[in-house]
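Remarks on the structure that follows.
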Amino acid sequence: MESKSSASKRDLVFARVGKSSLHRHWAPPKLGNRNWDLQLSTYIDDNAAFTEGDFPLSVDRGTKWDSVVRFFRNSPELLDRYEYVFFPDDDLVFETSDVARIFELCRVYDLYIAQPALDASSHFSHPILLKCPAFQLRFINFIEPMAPCIKASYLRDLLPYIEKHFTGWGIDHIWALLMADPPFRAAVLDEVRVVHTRPFETGALYASFREMKTDPRTELKEIMELHGSELVGMVVYGGILPGGRFLGGPSSRIINGLSLLASSVGGRNAFQTFRTAMGSLLRAVTMMDYRPTQLRAARDASGPTSTMSAGGLQRS
């Protein structure tokens, strides 16, 4: 299959797809009017089923993140070609226009890693990632592996970490904190929301873990043993309102907490959401001056991650 890509496109979507993939909702066949390229990757044998991509289909029998590592190890030039890469799971519902907006917001705020917010109807593990309507985006120290958008230059630095912690259970706790200057580099994009349609710990990914005799909890335990003393939990430490105004950490956490309280009433995972809401309100007082700092392992490393500089948004 010949490439349908245009050299002028600045961003790439790397979508891992399977038999029940929902990617055709946001990347339907013959979708020509978009400013991003699409690379499809699959783990199944029926390769003829996936023709929407701009490049030859990538076939890899592994899991999502070790497949990502192998793909970019084999095609490192793509990390020079593109500015951002978006990695949505195949059980998410969102719109074609949302993809362009994700890339746009990442570029405007010079984000290194970000994710769309979750619609309240979603299956979710972390209530703090639910959409907070008061914000355009919230700066946060945690991004989950479900649908991250990563700056390509930063992805190059992350690949060794992803290779080591390929289940995603662990890397999500640290990849918003590995750059040299973490504040205002990671965000939940409340302007863009997705619906996660599948309950957690189901689907082909977890079947792959079982086949490989890999327990993602083991990776999470290793990360916590290595970095746990430096991690403070999932904390929102600032936000951008729809009009572009910046809001500091305490105010952002109060608004976020009140939004979560409203979501907990009759919502999915109500008790967990309520607890997260109360934690957000408490941290508005107990963590007033919180700003994330680079993890010690990254500061001590001799590679490019330890020397990476970052410009962009700075707030006192």
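Please note that chains go A, B, ... in the order of the structure tokens, that every chain numbers its residues from 1, and that ligands are numbered from 1 in the order shown.
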Per residue of segment 33-128 of chain A within 8 Å of segment 162-184 of chain A, what are the shortest atom pair and its distance in Å to one decimal, counting only C-alpha atoms, with rows by chain and residue number, as JSON lines?
{"residue": "A:Thr63", "atom": "CA", "partner": "A:Thr167", "partner_atom": "CA", "distance": 7.5}
{"residue": "A:Lys64", "atom": "CA", "partner": "A:Thr167", "partner_atom": "CA", "distance": 7.9}
{"residue": "A:Trp65", "atom": "CA", "partner": "A:Phe166", "partner_atom": "CA", "distance": 5.1}
{"residue": "A:Asp66", "atom": "CA", "partner": "A:Phe166", "partner_atom": "CA", "distance": 5.3}
{"residue": "A:Val69", "atom": "CA", "partner": "A:Glu163", "partner_atom": "CA", "distance": 6.2}
{"residue": "A:Leu111", "atom": "CA", "partner": "A:Phe184", "partner_atom": "CA", "distance": 7.1}
{"residue": "A:Tyr112", "atom": "CA", "partner": "A:Ala176", "partner_atom": "CA", "distance": 8.0}
{"residue": "A:Ile113", "atom": "CA", "partner": "A:Ala176", "partner_atom": "CA", "distance": 6.7}
Restricted to N, CA and C atoms, what would the selected residues look like written as a PDB file, in the first residue's frame?
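Written out: again28.pdb:
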ATOM      1  N   THR A  63       1.672  -5.990  22.911  1.00  0.00           N
ATOM      2  CA  THR A  63       0.684  -5.104  23.509  1.00  0.00           C
ATOM      3  C   THR A  63       0.834  -3.709  22.904  1.00  0.00           C
ATOM      4  N   LYS A  64      -0.007  -2.807  23.340  1.00  0.00           N
ATOM      5  CA  LYS A  64       0.008  -1.464  22.749  1.00  0.00           C
ATOM      6  C   LYS A  64       1.373  -0.810  22.873  1.00  0.00           C
ATOM      7  N   TRP A  65       1.931  -0.768  24.091  1.00  0.00           N
ATOM      8  CA  TRP A  65       3.095   0.084  24.304  1.00  0.00           C
ATOM      9  C   TRP A  65       4.401  -0.566  23.889  1.00  0.00           C
ATOM     10  N   ASP A  66       4.529  -1.883  23.990  1.00  0.00           N
ATOM     11  CA  ASP A  66       5.760  -2.454  23.447  1.00  0.00           C
ATOM     12  C   ASP A  66       5.729  -2.430  21.925  1.00  0.00           C
ATOM     13  N   VAL A  69       6.970   1.016  21.015  1.00  0.00           N
ATOM     14  CA  VAL A  69       8.429   1.087  21.119  1.00  0.00           C
ATOM     15  C   VAL A  69       9.079   0.482  19.883  1.00  0.00           C
ATOM     16  N   LEU A 111       2.733  21.836  25.515  1.00  0.00           N
ATOM     17  CA  LEU A 111       2.628  20.679  26.388  1.00  0.00           C
ATOM     18  C   LEU A 111       3.533  19.556  25.888  1.00  0.00           C
ATOM     19  N   TYR A 112       4.110  18.819  26.822  1.00  0.00           N
ATOM     20  CA  TYR A 112       4.928  17.668  26.461  1.00  0.00           C
ATOM     21  C   TYR A 112       4.092  16.395  26.427  1.00  0.00           C
ATOM     22  N   ILE A 113       3.058  16.350  27.259  1.00  0.00           N
ATOM     23  CA  ILE A 113       2.159  15.203  27.285  1.00  0.00           C
ATOM     24  C   ILE A 113       0.793  15.675  27.780  1.00  0.00           C
TER      25      ILE A 113
END
DSSP on the backbone: what in segment 109-305 of chain A comes out alpha helix (DSSP H), as a PyMOL selection string? chain A and resi 152-164+171-174+204-211+216-227+249-264+270-286+296-300
Per-residue nearest contacts segment 70-154 of chain A to segment 236-242 of chain A, cut-off 7 Å, using only C-alpha atoms, as JSON lines:
{"residue": "A:Ala134", "atom": "CA", "partner": "A:Leu241", "partner_atom": "CA", "distance": 6.5}
{"residue": "A:Phe135", "atom": "CA", "partner": "A:Leu241", "partner_atom": "CA", "distance": 4.5}
{"residue": "A:Gln136", "atom": "CA", "partner": "A:Pro242", "partner_atom": "CA", "distance": 4.8}
{"residue": "A:Leu137", "atom": "CA", "partner": "A:Ile240", "partner_atom": "CA", "distance": 5.4}
{"residue": "A:Arg138", "atom": "CA", "partner": "A:Gly239", "partner_atom": "CA", "distance": 4.1}
{"residue": "A:Phe139", "atom": "CA", "partner": "A:Gly238", "partner_atom": "CA", "distance": 5.2}
{"residue": "A:Ile140", "atom": "CA", "partner": "A:Val236", "partner_atom": "CA", "distance": 4.4}
{"residue": "A:Asn141", "atom": "CA", "partner": "A:Val236", "partner_atom": "CA", "distance": 6.9}
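Counting only C-alpha atoms and comparing A:Phe124, A:Phe142, A:Tyr43, A:Phe87, the residue that lies closest to Asn269 of chain A is A:Phe124.
Going from atom CA of Ala277 of chain A to atom CA of Ile255 of chain A covers 9.6 Å.
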When you look at Asn74 of chain A with a cut-off of 12 Å (counting only C-alpha atoms), what residues show up, excluding the ones that are within fewer than 6 positions of it in the same chain? I need them as a ChimeraX atom specification. /A:58,67-68
Go ahead and compute the interatomic distance for atom CA of Leu105 of chain A and atom CA of Lys151 of chain A, in Å to one decimal. 11.9 Å
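For the set A:Ile143, A:Ile223, A:Leu158, A:Ala117, the residue with the smallest atom-to-atom gap to Arg193 of chain A is A:Ala117, counting only C-alpha atoms.
Atom CA of Cys106 of chain A is found 16.1 Å from atom CA of Leu79 of chain A.
The residues of segment 27-133 of chain A that DSSP assigns to strand (DSSP E) on this backbone come out as Trp36, Asp37, Leu38, Gln39, Leu40, Ser41, Thr42, Ser58, Val59, Tyr84, Val85, Phe86, Leu92, Val93, Ile113, Ala114, Gln115, Pro116, Ala117 and Leu118 of chain A.
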Name the closest residue to Leu260 of chain A among the candidates A:Leu129, A:His227, A:Leu40, A:Ala100; distances are taken between atoms, counting only C-alpha atoms. A:Leu129
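Each of A:Ala114, A:Val59, A:Leu12, A:Ile44 was checked against Val192 of chain A using only C-alpha atoms; the smallest atom-to-atom distance is that of A:Ala114.
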Long-range neighbours of Pro88 of chain A as a count of residues only, 8 Å cut-off, only C-alpha atoms, 3 positions minimum in chain: 8
Tell me, as a list of chain:residue names, which residues lie within 12 Å of Ala262 of chain A, counting only C-alpha atoms; anything in the same chain fewer than 4 positions away does not count. A:Ala120, A:Pro127, A:Leu130, A:Lys131, A:Cys132, A:Pro133, A:Ile255, A:Asn256, A:Gly257, A:Leu258, A:Gly266, A:Gly267, A:Arg268, A:Ala270, A:Phe271, A:Thr273, A:Phe274, A:Thr276, A:Ala277, A:Met278
Emit the selected residues as a PDB file, in the first residue's frame, including N, CA and C atoms.
ATOM      1  N   ALA A 120     -18.461  11.825  31.522  1.00  0.00           N
ATOM      2  CA  ALA A 120     -18.977  11.206  32.754  1.00  0.00           C
ATOM      3  C   ALA A 120     -19.612   9.848  32.511  1.00  0.00           C
ATOM      4  N   PRO A 127     -11.164   9.381  38.792  1.00  0.00           N
ATOM      5  CA  PRO A 127     -12.170  10.440  38.629  1.00  0.00           C
ATOM      6  C   PRO A 127     -11.583  11.808  38.306  1.00  0.00           C
ATOM      7  N   LEU A 130     -12.015  13.025  34.813  1.00  0.00           N
ATOM      8  CA  LEU A 130     -13.314  13.359  34.240  1.00  0.00           C
ATOM      9  C   LEU A 130     -13.344  14.824  33.815  1.00  0.00           C
ATOM     10  N   LYS A 131     -14.117  15.103  32.792  1.00  0.00           N
ATOM     11  CA  LYS A 131     -14.230  16.468  32.282  1.00  0.00           C
ATOM     12  C   LYS A 131     -14.686  17.420  33.375  1.00  0.00           C
ATOM     13  N   CYS A 132     -14.001  18.545  33.491  1.00  0.00           N
ATOM     14  CA  CYS A 132     -14.388  19.619  34.400  1.00  0.00           C
ATOM     15  C   CYS A 132     -14.820  20.800  33.534  1.00  0.00           C
ATOM     16  N   PRO A 133     -16.121  21.050  33.387  1.00  0.00           N
ATOM     17  CA  PRO A 133     -16.625  22.005  32.398  1.00  0.00           C
ATOM     18  C   PRO A 133     -16.117  23.433  32.566  1.00  0.00           C
ATOM     19  N   ILE A 255     -12.476  24.271  42.333  1.00  0.00           N
ATOM     20  CA  ILE A 255     -13.445  24.129  41.238  1.00  0.00           C
ATOM     21  C   ILE A 255     -13.525  22.679  40.793  1.00  0.00           C
ATOM     22  N   ASN A 256     -12.373  22.024  40.675  1.00  0.00           N
ATOM     23  CA  ASN A 256     -12.337  20.620  40.280  1.00  0.00           C
ATOM     24  C   ASN A 256     -13.069  19.756  41.303  1.00  0.00           C
ATOM     25  N   GLY A 257     -12.830  20.027  42.594  1.00  0.00           N
ATOM     26  CA  GLY A 257     -13.482  19.256  43.637  1.00  0.00           C
ATOM     27  C   GLY A 257     -14.989  19.404  43.612  1.00  0.00           C
ATOM     28  N   LEU A 258     -15.472  20.621  43.426  1.00  0.00           N
ATOM     29  CA  LEU A 258     -16.917  20.852  43.372  1.00  0.00           C
ATOM     30  C   LEU A 258     -17.536  20.161  42.152  1.00  0.00           C
ATOM     31  N   GLY A 266     -25.186  10.075  41.752  1.00  0.00           N
ATOM     32  CA  GLY A 266     -25.820   9.210  40.767  1.00  0.00           C
ATOM     33  C   GLY A 266     -24.927   8.783  39.630  1.00  0.00           C
ATOM     34  N   GLY A 267     -23.649   9.125  39.695  1.00  0.00           N
ATOM     35  CA  GLY A 267     -22.745   8.791  38.610  1.00  0.00           C
ATOM     36  C   GLY A 267     -22.080   7.444  38.802  1.00  0.00           C
ATOM     37  N   ARG A 268     -21.296   7.053  37.815  1.00  0.00           N
ATOM     38  CA  ARG A 268     -20.529   5.813  37.883  1.00  0.00           C
ATOM     39  C   ARG A 268     -19.420   5.966  38.917  1.00  0.00           C
ATOM     40  N   ALA A 270     -19.469   6.212  42.142  1.00  0.00           N
ATOM     41  CA  ALA A 270     -19.868   7.387  42.915  1.00  0.00           C
ATOM     42  C   ALA A 270     -19.002   7.594  44.154  1.00  0.00           C
ATOM     43  N   PHE A 271     -18.727   6.524  44.915  1.00  0.00           N
ATOM     44  CA  PHE A 271     -17.964   6.691  46.144  1.00  0.00           C
ATOM     45  C   PHE A 271     -16.526   7.102  45.836  1.00  0.00           C
ATOM     46  N   THR A 273     -15.486   8.707  43.236  1.00  0.00           N
ATOM     47  CA  THR A 273     -15.513  10.091  42.762  1.00  0.00           C
ATOM     48  C   THR A 273     -15.681  11.058  43.927  1.00  0.00           C
ATOM     49  N   PHE A 274     -16.534  10.700  44.876  1.00  0.00           N
ATOM     50  CA  PHE A 274     -16.719  11.541  46.064  1.00  0.00           C
ATOM     51  C   PHE A 274     -15.407  11.679  46.834  1.00  0.00           C
ATOM     52  N   THR A 276     -12.363  11.408  45.711  1.00  0.00           N
ATOM     53  CA  THR A 276     -11.437  12.240  44.942  1.00  0.00           C
ATOM     54  C   THR A 276     -11.820  13.709  45.061  1.00  0.00           C
ATOM     55  N   ALA A 277     -13.123  13.982  45.060  1.00  0.00           N
ATOM     56  CA  ALA A 277     -13.598  15.359  45.223  1.00  0.00           C
ATOM     57  C   ALA A 277     -13.153  15.937  46.554  1.00  0.00           C
ATOM     58  N   MET A 278     -13.325  15.183  47.623  1.00  0.00           N
ATOM     59  CA  MET A 278     -12.939  15.664  48.945  1.00  0.00           C
ATOM     60  C   MET A 278     -11.423  15.840  49.036  1.00  0.00           C
TER      61      MET A 278
END
The residue from A:Leu226, A:Val194, A:Leu261, A:Leu31 with the smallest atom-to-atom distance to Val93 of chain A, counting only C-alpha atoms, is A:Val194
